[in-house]
file input-v7.cif (mmCIF, C-alpha atoms)
data_model
#
loop_
_atom_site.group_PDB
_atom_site.id
_atom_site.type_symbol
_atom_site.label_atom_id
_atom_site.label_comp_id
_atom_site.auth_asym_id
_atom_site.auth_seq_id
_atom_site.Cartn_x
_atom_site.Cartn_y
_atom_site.Cartn_z
ATOM 1 C CA MET A 503 5.789 4.760 -42.005
ATOM 2 C CA THR A 504 3.225 3.051 -39.793
ATOM 3 C CA PRO A 505 1.985 5.078 -36.826
ATOM 4 C CA SER A 506 2.939 3.693 -33.443
ATOM 5 C CA THR A 507 0.322 1.648 -31.644
ATOM 6 C CA THR A 508 2.076 2.106 -28.316
ATOM 7 C CA THR A 509 -0.208 4.010 -25.982
ATOM 8 C CA ALA A 510 0.769 6.295 -23.122
ATOM 9 C CA LEU A 511 -0.519 3.625 -20.756
ATOM 10 C CA ASP A 512 1.716 1.002 -22.419
ATOM 11 C CA VAL A 513 4.726 3.249 -21.769
ATOM 12 C CA SER A 514 3.793 3.893 -18.140
ATOM 13 C CA LEU A 515 3.161 0.220 -17.444
ATOM 14 C CA ALA A 516 6.426 -0.837 -19.086
ATOM 15 C CA TYR A 517 8.252 1.752 -16.975
ATOM 16 C CA PHE A 518 6.505 0.551 -13.799
ATOM 17 C CA ARG A 519 7.151 -3.127 -14.509
ATOM 18 C CA SER A 520 10.818 -2.398 -15.188
ATOM 19 C CA TRP A 521 11.644 -0.482 -12.002
ATOM 20 C CA THR A 522 9.489 -2.688 -9.785
ATOM 21 C CA GLY A 523 10.934 -5.798 -11.421
ATOM 22 C CA GLY A 524 14.500 -4.915 -10.530
ATOM 23 C CA ASP A 525 15.652 -3.443 -13.843
ATOM 24 C CA PHE A 526 15.951 0.278 -13.195
ATOM 25 C CA ASP A 527 18.160 0.774 -16.262
ATOM 26 C CA ALA A 528 15.350 -0.576 -18.443
ATOM 27 C CA ALA A 529 12.925 1.782 -16.684
ATOM 28 C CA LEU A 530 15.146 4.735 -17.565
ATOM 29 C CA ALA A 531 14.691 3.925 -21.257
ATOM 30 C CA PHE A 532 11.109 5.187 -20.866
ATOM 31 C CA ILE A 533 12.213 8.496 -19.296
ATOM 32 C CA ALA A 534 12.760 11.576 -21.463
ATOM 33 C CA PRO A 535 16.194 13.192 -21.051
ATOM 34 C CA ASP A 536 14.562 16.472 -19.996
ATOM 35 C CA ILE A 537 11.920 14.947 -17.703
ATOM 36 C CA VAL A 538 10.365 17.147 -15.032
ATOM 37 C CA CYS A 539 9.552 15.219 -11.870
ATOM 38 C CA HIS A 540 7.430 16.696 -9.085
ATOM 39 C CA THR A 541 8.175 14.930 -5.794
ATOM 40 C CA PRO A 542 7.025 15.579 -2.228
ATOM 41 C CA SER A 543 10.470 17.150 -1.686
ATOM 42 C CA GLY A 544 10.385 19.428 -4.735
ATOM 43 C CA VAL A 545 10.878 19.513 -8.484
ATOM 44 C CA LEU A 546 13.672 17.614 -10.245
ATOM 45 C CA THR A 547 14.693 18.288 -13.836
ATOM 46 C CA GLY A 548 16.510 15.893 -16.135
ATOM 47 C CA ALA A 549 16.941 12.137 -16.312
ATOM 48 C CA GLU A 550 20.068 12.183 -14.151
ATOM 49 C CA ALA A 551 18.314 13.994 -11.299
ATOM 50 C CA PHE A 552 15.334 11.686 -11.657
ATOM 51 C CA ALA A 553 17.574 8.594 -11.532
ATOM 52 C CA GLY A 554 19.272 9.943 -8.409
ATOM 53 C CA PHE A 555 15.889 10.282 -6.727
ATOM 54 C CA MET A 556 14.130 7.127 -7.881
ATOM 55 C CA GLY A 557 17.075 4.731 -8.268
ATOM 56 C CA PRO A 558 17.833 4.263 -4.560
ATOM 57 C CA PHE A 559 14.172 3.550 -3.809
ATOM 58 C CA ALA A 560 13.889 1.098 -6.696
ATOM 59 C CA GLY A 561 17.048 -0.606 -5.448
ATOM 60 C CA MET A 562 15.596 -1.321 -2.017
ATOM 61 C CA LEU A 563 12.204 -2.479 -3.272
ATOM 62 C CA THR A 564 11.279 -6.060 -2.369
ATOM 63 C CA SER A 565 7.857 -6.117 -4.034
ATOM 64 C CA ALA A 566 5.201 -3.948 -5.605
ATOM 65 C CA ASP A 567 1.548 -4.419 -6.458
ATOM 66 C CA LEU A 568 -0.120 -2.402 -9.164
ATOM 67 C CA LEU A 569 -3.477 -1.280 -7.780
ATOM 68 C CA ALA A 570 -4.808 0.718 -10.745
ATOM 69 C CA ALA A 571 -3.716 2.154 -14.081
ATOM 70 C CA TYR A 572 -5.628 4.470 -16.366
ATOM 71 C CA GLY A 573 -4.737 6.634 -19.312
ATOM 72 C CA ASP A 574 -5.590 8.483 -22.460
ATOM 73 C CA ASP A 575 -3.412 9.313 -25.451
ATOM 74 C CA ARG A 576 -1.038 11.539 -23.435
ATOM 75 C CA THR A 577 -1.658 11.191 -19.687
ATOM 76 C CA THR A 578 -1.666 8.188 -17.375
ATOM 77 C CA MET A 579 -2.224 7.540 -13.699
ATOM 78 C CA ILE A 580 -0.825 4.529 -11.894
ATOM 79 C CA MET A 581 -1.366 3.645 -8.255
ATOM 80 C CA TYR A 582 0.630 0.990 -6.482
ATOM 81 C CA ASP A 583 1.712 -0.355 -3.123
ATOM 82 C CA THR A 584 5.366 -1.099 -2.433
ATOM 83 C CA VAL A 585 7.283 -3.075 0.164
ATOM 84 C CA THR A 586 10.852 -2.414 1.295
ATOM 85 C CA PRO A 587 12.849 -4.049 4.086
ATOM 86 C CA ALA A 588 12.095 -1.066 6.350
ATOM 87 C CA VAL A 589 8.497 -0.294 5.314
ATOM 88 C CA ALA A 590 5.875 -3.034 4.963
ATOM 89 C CA ALA A 591 3.369 -0.957 2.994
ATOM 90 C CA ALA A 592 4.058 2.246 1.117
ATOM 91 C CA PRO A 593 1.338 3.250 -1.331
ATOM 92 C CA GLY A 594 2.138 5.664 -4.110
ATOM 93 C CA ALA A 595 0.620 7.221 -7.183
ATOM 94 C CA GLU A 596 2.164 8.754 -10.280
ATOM 95 C CA LEU A 597 0.652 10.987 -12.926
ATOM 96 C CA HIS A 598 2.644 10.699 -16.154
ATOM 97 C CA THR A 599 2.706 12.873 -19.240
ATOM 98 C CA VAL A 600 3.923 10.857 -22.224
ATOM 99 C CA ALA A 601 5.166 12.062 -25.621
ATOM 100 C CA ASP A 602 6.991 10.091 -28.303
ATOM 101 C CA GLU A 603 6.907 6.947 -26.143
ATOM 102 C CA ARG A 604 8.805 8.623 -23.293
ATOM 103 C CA ILE A 605 7.618 9.953 -19.961
ATOM 104 C CA THR A 606 8.226 13.710 -20.025
ATOM 105 C CA GLU A 607 6.693 14.631 -16.686
ATOM 106 C CA ILE A 608 5.870 12.749 -13.491
ATOM 107 C CA LYS A 609 3.958 13.913 -10.450
ATOM 108 C CA ILE A 610 4.668 11.474 -7.633
ATOM 109 C CA ILE A 611 2.525 11.263 -4.528
ATOM 110 C CA PHE A 612 3.460 9.020 -1.631
ATOM 111 C CA ASP A 613 3.150 8.968 2.119
ATOM 112 C CA ARG A 614 6.500 9.926 3.620
ATOM 113 C CA LEU A 615 5.446 9.086 7.197
ATOM 114 C CA PRO A 616 6.209 5.328 7.095
ATOM 115 C CA PHE A 617 9.734 6.099 5.858
ATOM 116 C CA ALA A 618 10.261 8.767 8.537
ATOM 117 C CA LYS A 619 9.107 6.302 11.214
ATOM 118 C CA ALA A 620 11.464 3.621 9.871
ATOM 119 C CA ARG A 621 14.402 6.075 9.960
ATOM 120 C CA ALA A 622 13.474 7.196 13.461
ATOM 121 C CA SER A 623 13.337 3.621 14.752
ATOM 122 C CA VAL A 624 16.809 2.911 13.341
ATOM 123 C CA THR A 625 18.183 6.131 14.853
ATOM 124 C CA SER A 626 16.646 5.451 18.267
ATOM 125 C CA ALA A 627 18.018 1.890 18.238
ATOM 126 C CA ASP A 628 21.599 3.186 17.829
#
call {"tool": "encode", "arguments": {"input": "input-v7.cif", "output": "structure tokens"}}
result
Amino acid sequence: MTPSTTTALDVSLAYFRSWTGGDFDAALAFIAPDIVCHTPSGVLTGAEAFAGFMGPFAGMLTSADLLAAYGDDRTTMIMYDTVTPAVAAAPGAELHTVADERITEIKIIFDRLPFAKARASVTSAD
């Protein structure tokens, strides 16, 4: 058997390109079933919980720009900027732990303020 030449960074970039390219189901193929995801709102465990958190955001995404991506044999960091109909610029960063070509842990950092302001402007307009 030939050892895999897929790096942790390859996995993270394929995941990123999938969910930012409109194919969230393809992105989920890079997520371990027992993933642990640390979000600004708390910790989520399992692919289903992760999909419930990330899927709605991915579904409203209109564009994303990858700003940086770095990694070693097990850990990667990606930083990006996203655009949604309600928020013109929403930067984020994710630290991934990768094993067996799947992301087993994600630590997501993003600024929640632009989203809170967008919700508040919709609420005040009603």
call {"tool": "residues_around", "arguments": {"input": "input-v7.cif", "residues": "Phe612 of chain A", "least_positions_apart": "4", "cutoff": "7 Å", "atoms": "all atoms listed in the file", "output": "PDB file with C-alpha atoms, keeping the file's coordinate frame"}}
result
ATOM      1  CA  PRO A 593       1.338   3.250  -1.331  1.00  0.00           C
ATOM      2  CA  GLY A 594       2.138   5.664  -4.110  1.00  0.00           C
ATOM      3  CA  ALA A 595       0.620   7.221  -7.183  1.00  0.00           C
TER       4      ALA A 595
END
call {"tool": "atom_distance", "arguments": {"input": "input-v7.cif", "atom1": "atom CA of Ala622 of chain A", "atom2": "atom CA of Leu563 of chain A"}}
result
19.4 Å
call {"tool": "axis_aligned_box", "arguments": {"input": "input-v7.cif", "around": "segment 539-556 of chain A", "padding_each_side": "4 Å", "output": "JSON"}}
result
{"center_x": 13.5, "center_y": 13.3, "center_z": -9.0, "size_x": 21.0, "size_y": 20.4, "size_z": 22.6}
call {"tool": "closest_residue", "arguments": {"input": "input-v7.cif", "among": "A:Ala590, A:Gly557, A:Thr564, A:Ile610", "to": "Phe526 of chain A", "atoms": "only C-alpha atoms"}}
result
A:Gly557
call {"tool": "closest_residue", "arguments": {"input": "input-v7.cif", "among": "A:Ala566, A:Ala549, A:Ile611, A:Ala588", "to": "Gly524 of chain A", "atoms": "all atoms listed in the file"}}
result
A:Ala566
call {"tool": "closest_residue", "arguments": {"input": "input-v7.cif", "among": "A:Thr547, A:Thr541, A:Thr509, A:Ser565", "to": "Thr522 of chain A", "atoms": "only C-alpha atoms"}}
result
A:Ser565
call {"tool": "resolve_selection", "arguments": {"input": "input-v7.cif", "expression": "the PyMOL selection byres ((chain A and resi 602) around 10)", "output": "ChimeraX atom specification"}}
result
/A:506,508-510,513,532,534,576,600-601,603-606
call {"tool": "decode", "arguments": {"input": "input-v7.cif", "residues": "segment 549-571 of chain A", "atoms": "N, CA, C and O atoms", "output": "PDB file, in the first residue's frame"}}
result
ATOM      1  N   ALA A 549     -20.718  15.294  13.564  1.00  0.00           N
ATOM      2  CA  ALA A 549     -20.909  15.876  12.235  1.00  0.00           C
ATOM      3  C   ALA A 549     -22.295  16.487  12.066  1.00  0.00           C
ATOM      4  O   ALA A 549     -22.446  17.518  11.400  1.00  0.00           O
ATOM      5  N   GLU A 550     -23.299  15.882  12.662  1.00  0.00           N
ATOM      6  CA  GLU A 550     -24.658  16.421  12.535  1.00  0.00           C
ATOM      7  C   GLU A 550     -24.774  17.793  13.204  1.00  0.00           C
ATOM      8  O   GLU A 550     -25.343  18.723  12.643  1.00  0.00           O
ATOM      9  N   ALA A 551     -24.225  17.926  14.392  1.00  0.00           N
ATOM     10  CA  ALA A 551     -24.251  19.214  15.090  1.00  0.00           C
ATOM     11  C   ALA A 551     -23.442  20.253  14.324  1.00  0.00           C
ATOM     12  O   ALA A 551     -23.857  21.411  14.177  1.00  0.00           O
ATOM     13  N   PHE A 552     -22.304  19.828  13.798  1.00  0.00           N
ATOM     14  CA  PHE A 552     -21.479  20.728  13.003  1.00  0.00           C
ATOM     15  C   PHE A 552     -22.237  21.208  11.763  1.00  0.00           C
ATOM     16  O   PHE A 552     -22.249  22.399  11.446  1.00  0.00           O
ATOM     17  N   ALA A 553     -22.885  20.278  11.058  1.00  0.00           N
ATOM     18  CA  ALA A 553     -23.646  20.636   9.859  1.00  0.00           C
ATOM     19  C   ALA A 553     -24.782  21.595  10.192  1.00  0.00           C
ATOM     20  O   ALA A 553     -25.065  22.524   9.426  1.00  0.00           O
ATOM     21  N   GLY A 554     -25.420  21.416  11.336  1.00  0.00           N
ATOM     22  CA  GLY A 554     -26.483  22.310  11.757  1.00  0.00           C
ATOM     23  C   GLY A 554     -25.990  23.715  12.041  1.00  0.00           C
ATOM     24  O   GLY A 554     -26.720  24.691  11.870  1.00  0.00           O
ATOM     25  N   PHE A 555     -24.755  23.831  12.465  1.00  0.00           N
ATOM     26  CA  PHE A 555     -24.146  25.133  12.741  1.00  0.00           C
ATOM     27  C   PHE A 555     -23.636  25.784  11.459  1.00  0.00           C
ATOM     28  O   PHE A 555     -23.941  26.939  11.164  1.00  0.00           O
ATOM     29  N   MET A 556     -22.853  25.058  10.695  1.00  0.00           N
ATOM     30  CA  MET A 556     -22.158  25.640   9.552  1.00  0.00           C
ATOM     31  C   MET A 556     -23.006  25.671   8.280  1.00  0.00           C
ATOM     32  O   MET A 556     -22.840  26.568   7.454  1.00  0.00           O
ATOM     33  N   GLY A 557     -23.914  24.720   8.127  1.00  0.00           N
ATOM     34  CA  GLY A 557     -24.719  24.633   6.909  1.00  0.00           C
ATOM     35  C   GLY A 557     -25.517  25.879   6.595  1.00  0.00           C
ATOM     36  O   GLY A 557     -25.479  26.365   5.455  1.00  0.00           O
ATOM     37  N   PRO A 558     -26.249  26.445   7.554  1.00  0.00           N
ATOM     38  CA  PRO A 558     -27.015  27.658   7.255  1.00  0.00           C
ATOM     39  C   PRO A 558     -26.128  28.826   6.807  1.00  0.00           C
ATOM     40  O   PRO A 558     -26.485  29.564   5.898  1.00  0.00           O
ATOM     41  N   PHE A 559     -24.962  28.972   7.439  1.00  0.00           N
ATOM     42  CA  PHE A 559     -24.058  30.041   7.025  1.00  0.00           C
ATOM     43  C   PHE A 559     -23.546  29.796   5.612  1.00  0.00           C
ATOM     44  O   PHE A 559     -23.547  30.696   4.771  1.00  0.00           O
ATOM     45  N   ALA A 560     -23.125  28.576   5.338  1.00  0.00           N
ATOM     46  CA  ALA A 560     -22.633  28.241   4.000  1.00  0.00           C
ATOM     47  C   ALA A 560     -23.717  28.479   2.952  1.00  0.00           C
ATOM     48  O   ALA A 560     -23.422  28.936   1.846  1.00  0.00           O
ATOM     49  N   GLY A 561     -24.964  28.224   3.316  1.00  0.00           N
ATOM     50  CA  GLY A 561     -26.070  28.400   2.390  1.00  0.00           C
ATOM     51  C   GLY A 561     -26.360  29.842   2.032  1.00  0.00           C
ATOM     52  O   GLY A 561     -26.910  30.122   0.967  1.00  0.00           O
ATOM     53  N   MET A 562     -26.001  30.771   2.905  1.00  0.00           N
ATOM     54  CA  MET A 562     -26.262  32.183   2.606  1.00  0.00           C
ATOM     55  C   MET A 562     -25.043  32.908   2.044  1.00  0.00           C
ATOM     56  O   MET A 562     -25.112  34.073   1.673  1.00  0.00           O
ATOM     57  N   LEU A 563     -23.936  32.220   1.930  1.00  0.00           N
ATOM     58  CA  LEU A 563     -22.696  32.811   1.458  1.00  0.00           C
ATOM     59  C   LEU A 563     -22.820  33.226  -0.009  1.00  0.00           C
ATOM     60  O   LEU A 563     -23.320  32.462  -0.841  1.00  0.00           O
ATOM     61  N   THR A 564     -22.377  34.437  -0.329  1.00  0.00           N
ATOM     62  CA  THR A 564     -22.359  34.861  -1.732  1.00  0.00           C
ATOM     63  C   THR A 564     -20.948  34.847  -2.312  1.00  0.00           C
ATOM     64  O   THR A 564     -20.783  34.694  -3.512  1.00  0.00           O
ATOM     65  N   SER A 565     -19.942  35.009  -1.450  1.00  0.00           N
ATOM     66  CA  SER A 565     -18.557  34.877  -1.905  1.00  0.00           C
ATOM     67  C   SER A 565     -17.636  34.713  -0.704  1.00  0.00           C
ATOM     68  O   SER A 565     -18.023  35.008   0.432  1.00  0.00           O
ATOM     69  N   ALA A 566     -16.436  34.258  -0.999  1.00  0.00           N
ATOM     70  CA  ALA A 566     -15.420  34.108   0.042  1.00  0.00           C
ATOM     71  C   ALA A 566     -14.052  34.247  -0.595  1.00  0.00           C
ATOM     72  O   ALA A 566     -13.827  33.779  -1.718  1.00  0.00           O
ATOM     73  N   ASP A 567     -13.160  34.889   0.121  1.00  0.00           N
ATOM     74  CA  ASP A 567     -11.772  35.031  -0.326  1.00  0.00           C
ATOM     75  C   ASP A 567     -10.863  34.399   0.707  1.00  0.00           C
ATOM     76  O   ASP A 567     -10.923  34.753   1.892  1.00  0.00           O
ATOM     77  N   LEU A 568     -10.033  33.494   0.264  1.00  0.00           N
ATOM     78  CA  LEU A 568      -9.040  32.890   1.133  1.00  0.00           C
ATOM     79  C   LEU A 568      -7.898  33.887   1.295  1.00  0.00           C
ATOM     80  O   LEU A 568      -7.312  34.340   0.316  1.00  0.00           O
ATOM     81  N   LEU A 569      -7.619  34.271   2.530  1.00  0.00           N
ATOM     82  CA  LEU A 569      -6.576  35.250   2.806  1.00  0.00           C
ATOM     83  C   LEU A 569      -5.235  34.595   3.121  1.00  0.00           C
ATOM     84  O   LEU A 569      -4.182  35.136   2.780  1.00  0.00           O
ATOM     85  N   ALA A 570      -5.273  33.445   3.805  1.00  0.00           N
ATOM     86  CA  ALA A 570      -4.037  32.745   4.160  1.00  0.00           C
ATOM     87  C   ALA A 570      -4.366  31.308   4.521  1.00  0.00           C
ATOM     88  O   ALA A 570      -5.465  31.017   4.982  1.00  0.00           O
ATOM     89  N   ALA A 571      -3.395  30.435   4.317  1.00  0.00           N
ATOM     90  CA  ALA A 571      -3.541  29.023   4.693  1.00  0.00           C
ATOM     91  C   ALA A 571      -2.155  28.460   4.970  1.00  0.00           C
ATOM     92  O   ALA A 571      -1.247  28.601   4.144  1.00  0.00           O
TER      93      ALA A 571
END
